[in-house]
Each structure stands twice: as structure tokens, then as C-alpha cells.
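**Q** My structure file entry03.tsv, TSV, C-alpha atoms, is below:
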chain	number	residue	atom	x	y	z
A	1	MET	CA	153.13	97.72	147.97
A	2	LEU	CA	152.67	100.15	150.78
A	3	THR	CA	153.94	99.37	154.28
A	4	LEU	CA	152.72	101.22	157.37
A	5	GLU	CA	154.46	101.36	160.74
A	6	THR	CA	152.81	102.09	164.06
A	7	GLU	CA	154.25	102.10	167.56
A	8	HIS	CA	154.03	98.32	167.97
A	9	LEU	CA	153.13	97.01	164.53
A	10	LEU	CA	154.26	96.69	160.94
A	11	LEU	CA	151.47	96.52	158.35
A	12	ARG	CA	152.99	94.91	155.27
A	13	GLN	CA	152.25	92.70	152.30
A	14	PHE	CA	151.58	89.02	152.88
A	15	ARG	CA	154.55	86.70	152.49
A	16	ALA	CA	154.69	82.96	151.86
A	17	SER	CA	156.11	82.61	155.38
A	18	ASP	CA	152.83	84.00	156.78
A	19	PHE	CA	150.92	80.98	155.57
A	20	GLU	CA	151.42	78.70	158.60
A	21	PRO	CA	150.33	81.28	161.20
A	22	TYR	CA	147.57	82.52	158.86
A	23	ALA	CA	146.23	78.98	158.38
A	24	ALA	CA	146.39	78.43	162.16
A	25	MET	CA	144.43	81.64	162.76
A	26	CYS	CA	141.83	80.59	160.15
A	27	ALA	CA	141.53	77.17	161.81
A	28	ASP	CA	140.68	78.67	165.23
A	29	PRO	CA	136.91	78.43	165.79
A	30	GLU	CA	136.91	81.45	168.14
A	31	VAL	CA	138.69	83.66	165.59
A	32	MET	CA	136.50	82.52	162.72
A	33	ARG	CA	133.21	82.50	164.64
A	34	TYR	CA	132.13	85.82	163.10
A	35	VAL	CA	134.44	86.08	160.08
A	36	GLY	CA	133.50	85.40	156.46
A	37	GLU	CA	131.42	82.28	156.19
A	38	ARG	CA	131.38	81.95	160.01
A	39	GLY	CA	133.52	78.87	160.30
A	40	VAL	CA	137.06	77.59	160.25
A	41	LEU	CA	138.92	77.37	156.97
A	42	SER	CA	140.80	74.36	155.71
A	43	ARG	CA	144.47	74.90	154.87
A	44	GLU	CA	143.52	75.02	151.19
A	45	ASP	CA	140.83	77.63	151.79
A	46	ALA	CA	143.16	79.66	154.02
A	47	TRP	CA	145.67	79.67	151.15
A	48	ARG	CA	143.00	80.76	148.67
A	49	GLN	CA	141.87	83.53	151.00
A	50	MET	CA	145.43	84.75	151.56
A	51	ALA	CA	145.99	84.76	147.78
A	52	MET	CA	142.72	86.70	147.27
A	53	LEU	CA	143.80	89.29	149.84
A	54	ALA	CA	147.15	89.69	148.07
A	55	GLY	CA	145.41	89.93	144.68
A	56	HIS	CA	143.00	92.59	145.94
A	57	TRP	CA	146.00	94.98	146.02
A	58	GLN	CA	146.67	94.32	142.34
A	59	LEU	CA	143.07	94.86	141.30
A	60	ARG	CA	142.06	97.75	143.56
A	61	GLY	CA	145.38	99.40	144.50
A	62	TYR	CA	144.71	98.87	148.21
A	63	GLY	CA	143.82	95.97	150.44
A	64	MET	CA	144.58	93.97	153.55
A	65	TRP	CA	147.93	94.09	155.24
A	66	ALA	CA	149.54	91.27	157.15
A	67	VAL	CA	150.09	92.58	160.67
A	68	GLU	CA	153.47	91.87	162.23
A	69	GLU	CA	154.33	92.58	165.85
A	70	ARG	CA	157.49	94.67	165.64
A	71	ALA	CA	158.90	93.36	168.95
A	72	THR	CA	158.83	89.74	167.80
A	73	GLY	CA	158.62	89.91	164.00
A	74	GLY	CA	155.72	87.46	164.19
A	75	PHE	CA	152.52	87.48	162.13
A	76	ILE	CA	149.56	88.29	164.40
A	77	GLY	CA	146.64	89.03	162.06
A	78	ARG	CA	145.32	91.04	159.16
A	79	VAL	CA	143.85	94.50	158.82
A	80	GLY	CA	143.06	96.74	155.95
A	81	LEU	CA	140.80	98.02	153.26
A	82	HIS	CA	138.46	95.65	151.49
A	83	PHE	CA	136.05	96.18	148.60
A	84	PRO	CA	135.37	92.97	146.66
A	85	GLU	CA	132.63	92.72	144.07
A	86	GLY	CA	129.20	92.75	145.70
A	87	TRP	CA	130.27	94.69	148.83
A	88	PRO	CA	128.02	97.56	149.91
A	89	ASP	CA	130.90	100.05	150.25
A	90	GLN	CA	134.62	100.34	150.97
A	91	GLU	CA	135.40	98.59	154.24
A	92	VAL	CA	138.02	98.70	156.96
A	93	ALA	CA	138.26	95.18	158.40
A	94	TRP	CA	140.38	93.14	160.79
A	95	ALA	CA	141.04	89.67	162.16
A	96	PHE	CA	143.68	88.77	164.72
A	97	ALA	CA	145.03	85.53	166.16
A	98	ARG	CA	143.41	84.93	169.53
A	99	ALA	CA	146.72	85.07	171.43
A	100	HIS	CA	146.89	88.75	170.50
A	101	TRP	CA	143.37	89.81	171.51
A	102	GLY	CA	142.95	92.39	174.24
A	103	ARG	CA	146.35	94.04	173.72
A	104	GLY	CA	145.22	97.05	171.68
A	105	PHE	CA	146.77	95.77	168.45
A	106	ALA	CA	143.50	95.70	166.50
A	107	PHE	CA	142.75	99.32	167.40
A	108	GLU	CA	146.31	100.41	166.58
A	109	ALA	CA	146.28	98.64	163.21
A	110	ALA	CA	142.72	99.59	162.23
A	111	SER	CA	143.42	103.23	163.14
A	112	ALA	CA	146.41	103.25	160.78
A	113	ALA	CA	144.32	101.69	157.99
A	114	LEU	CA	141.52	104.20	158.57
A	115	THR	CA	143.95	107.12	158.46
A	116	TYR	CA	145.36	105.79	155.19
A	117	ALA	CA	141.86	105.45	153.69
A	118	PHE	CA	140.90	109.01	154.59
A	119	ASP	CA	144.20	110.91	154.24
A	120	SER	CA	145.89	109.10	151.34
A	121	LEU	CA	143.00	107.58	149.35
A	122	HIS	CA	140.58	110.41	150.20
A	123	TRP	CA	137.67	108.05	150.79
A	124	PRO	CA	134.58	110.01	151.90
A	125	ARG	CA	133.58	107.20	154.29
A	126	VAL	CA	134.35	103.68	155.38
A	127	ILE	CA	132.19	100.87	156.64
A	128	SER	CA	132.77	97.80	158.75
A	129	LEU	CA	130.52	94.77	158.34
A	130	ILE	CA	130.14	93.06	161.71
A	131	ASP	CA	128.11	90.09	162.90
A	132	PRO	CA	125.52	91.52	165.32
A	133	ASP	CA	126.74	89.09	168.03
A	134	ASN	CA	130.40	90.10	167.71
A	135	SER	CA	130.58	92.48	170.67
A	136	ARG	CA	134.39	92.75	170.54
A	137	SER	CA	134.38	94.03	166.95
A	138	ILE	CA	131.41	96.29	167.62
A	139	ARG	CA	133.33	97.91	170.50
A	140	LEU	CA	136.37	98.33	168.25
A	141	ALA	CA	134.32	99.90	165.46
A	142	GLU	CA	132.75	102.31	167.94
A	143	ARG	CA	136.16	103.13	169.42
A	144	LEU	CA	137.31	103.99	165.89
A	145	GLY	CA	134.37	106.41	165.65
A	146	GLU	CA	132.08	104.25	163.55
A	147	GLN	CA	128.36	104.22	164.26
A	148	PHE	CA	125.70	101.64	163.52
A	149	GLU	CA	123.91	102.54	160.30
A	150	ARG	CA	121.74	99.58	159.32
A	151	GLU	CA	121.46	95.83	158.91
A	152	VAL	CA	122.43	94.40	155.50
A	153	VAL	CA	122.75	90.94	153.99
A	154	VAL	CA	126.16	90.19	152.48
A	155	ARG	CA	126.88	86.82	150.89
A	156	GLY	CA	123.85	85.33	152.61
A	157	HIS	CA	124.71	86.60	156.11
A	158	ARG	CA	122.89	89.31	158.05
A	159	VAL	CA	125.45	91.80	159.35
A	160	SER	CA	125.47	95.18	161.01
A	161	LEU	CA	126.92	97.94	158.87
A	162	TYR	CA	128.90	100.49	160.88
A	163	SER	CA	130.19	103.60	159.12
A	164	LEU	CA	132.34	106.66	159.58
A	165	ARG	CA	132.56	109.71	157.36
A	166	ARG	CA	135.82	111.52	156.81
A	167	GLU	CA	136.00	114.86	158.60
A	168	GLY	CA	134.99	117.50	156.14
A	169	GLY	CA	133.46	114.77	153.93
A	170	HIS	CA	130.12	115.18	152.23
Take the structure in this file and express it as C-alpha cells.

**A**
Amino acid sequence: MLTLETEHLLLRQFRASDFEPYAAMCADPEVMRYVGERGVLSREDAWRQMAMLAGHWQLRGYGMWAVEERATGGFIGRVGLHFPEGWPDQEVAWAFARAHWGRGFAFEAASAALTYAFDSLHWPRVISLIDPDNSRSIRLAERLGEQFEREVVVRGHRVSLYSLRREGGH
């Protein structure tokens, strides 16, 4: 599986050793406030989600990376490309442990994922599905160049769909 390196981060496959910090991130109400089903995950559900993210690579050939801070070697979140059954389009998405918010890591990681989607996979566009109240993620999407397109309902939740077309795309 593909690994990407940025100035401060390593985007790599999930490992069994990521489970404890991943489960802790998924148990944080502030992190999970706008993610997925909009609530914390049990340890069992965090495991199932981590396994689904790992399996997405097998089925689609791309997916979410575990994000590791290079300076510490610690797991700090996830970022990547997501397109499960029922999704409106191919997505770039992110979630980071709260201790790592506000440090530019989400932008650095999402930028690397976006570059990979456009330059290596040749996607014509990407979307991000964001809860309309999630101002932090909206600012990040806009900083990445994404623009609000429309409201959609995904898995029973109303979300804002932000999108970005590849330069030179159709």
C-alpha cells in the first residue's frame, strides 16, 4: 500500500498498534460531533471502522491513510480518499485527534491526499461531505480550494457537499 510523506507527517496504512489511539479519537465527543453517525464510537465500532478503512484499499485501490506525526511517530488521525457504496462521488476526508487540531496537520495531510487523487489517480474532481455546522472543516475545505456546491442527504444526514475540479479537468 502506498505511503506518502509530507514535511511533518507520514500517511501510511493502518496498523494494529493504531487501534488504541484510534479508539480514543473515536471516543472523543468533540472529534466525533460531526463525523459519520455524529456520535462517539464504542471500541468495537472503532475496530470495525478501522477494518473497513483498511479494506477500502483492497476493494477500491485507494483509501484512508493513518496519519503519523514524523517527529513523534505517534498516530494523530486519518485522512484520505473515500468512496463507499452509496456515496455521491469520490471524497477527500479527514479526522484528527483533538490534541492535534490547529497545528496545520489536517491541511498538510489533506493537501497530499488531494494531490494524489488528481495527479496519480487522475480524478476529475473530489468532494468533501461536511456537516453544515462544522465550521473548522468548512474552512479547511475552502482552504484546499473546494467550494460549496449543494446540500445532500447521505446515510440519513443532511450535509454540505463541497467540491473541487482538477485543473484542466472537464

**Q** Do a neighbour search on Ala106 of chain A at 9 Å with all atoms listed in the file, toss out local chain neighbours closer than 4 positions, and write the hits as a PyMOL selection string.

**A** chain A and resi 77-79+94-96+100-102+110-111+140

**Q** Could you pull the residues within 9 Å of Val35 of chain A, counting all atoms listed in the file, minus those fewer than 3 positions along the same chain, as a list in words?

**A**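 After dropping sequence-adjacent residues, the list is Val31, Met32, Arg38, Gly39, Val40, Ala95, Ile130 and Asp131 of chain A.
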
**Q** So that I can see what lies close to segment 148-163 of chain A, please list as a CSV table (one decimal) with C-alpha atoms, keeping the file's coordinate frame the residues with an atom at most 6 Å from it, counting all atoms listed in the file and leaving out residues fewer than 4 positions away in the same chain.

**A**
chain,number,residue,atom,x,y,z
A,126,VAL,CA,134.4,103.7,155.4
A,127,ILE,CA,132.2,100.9,156.6
A,128,SER,CA,132.8,97.8,158.8
A,129,LEU,CA,130.5,94.8,158.3
A,130,ILE,CA,130.1,93.1,161.7
A,131,ASP,CA,128.1,90.1,162.9
A,132,PRO,CA,125.5,91.5,165.3

**Q** Report the distance between atom CA of Pro124 of chain A and atom CA of Thr6 of chain A in Å, rounded to one decimal place.

**A**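 Pair atom CA of Pro124 of chain A / atom CA of Thr6 of chain A returns 23.3 Å.
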
**Q** Would you mind reading off the distance between atom CA of Ala117 of chain A and atom CA of Leu81 of chain A, one decimal, in Å?

**A**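 Value for the atom CA of Ala117 of chain A-atom CA of Leu81 of chain A distance: 7.5 Å.
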
**Q** Quote the spacing between atom CA of Ser17 of chain A and atom CA of Val67 of chain A in Å to one decimal place.

**A**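 A separation of 12.8 Å between them.
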
**Q** Rank nothing, just name the residue among A:Ala24, A:Ile138, A:Met52, A:Ile76 nearest to Ala99 of chain A, using only C-alpha atoms.

**A**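 Distance minimum relative to Ala99 of chain A lands on A:Ile76.
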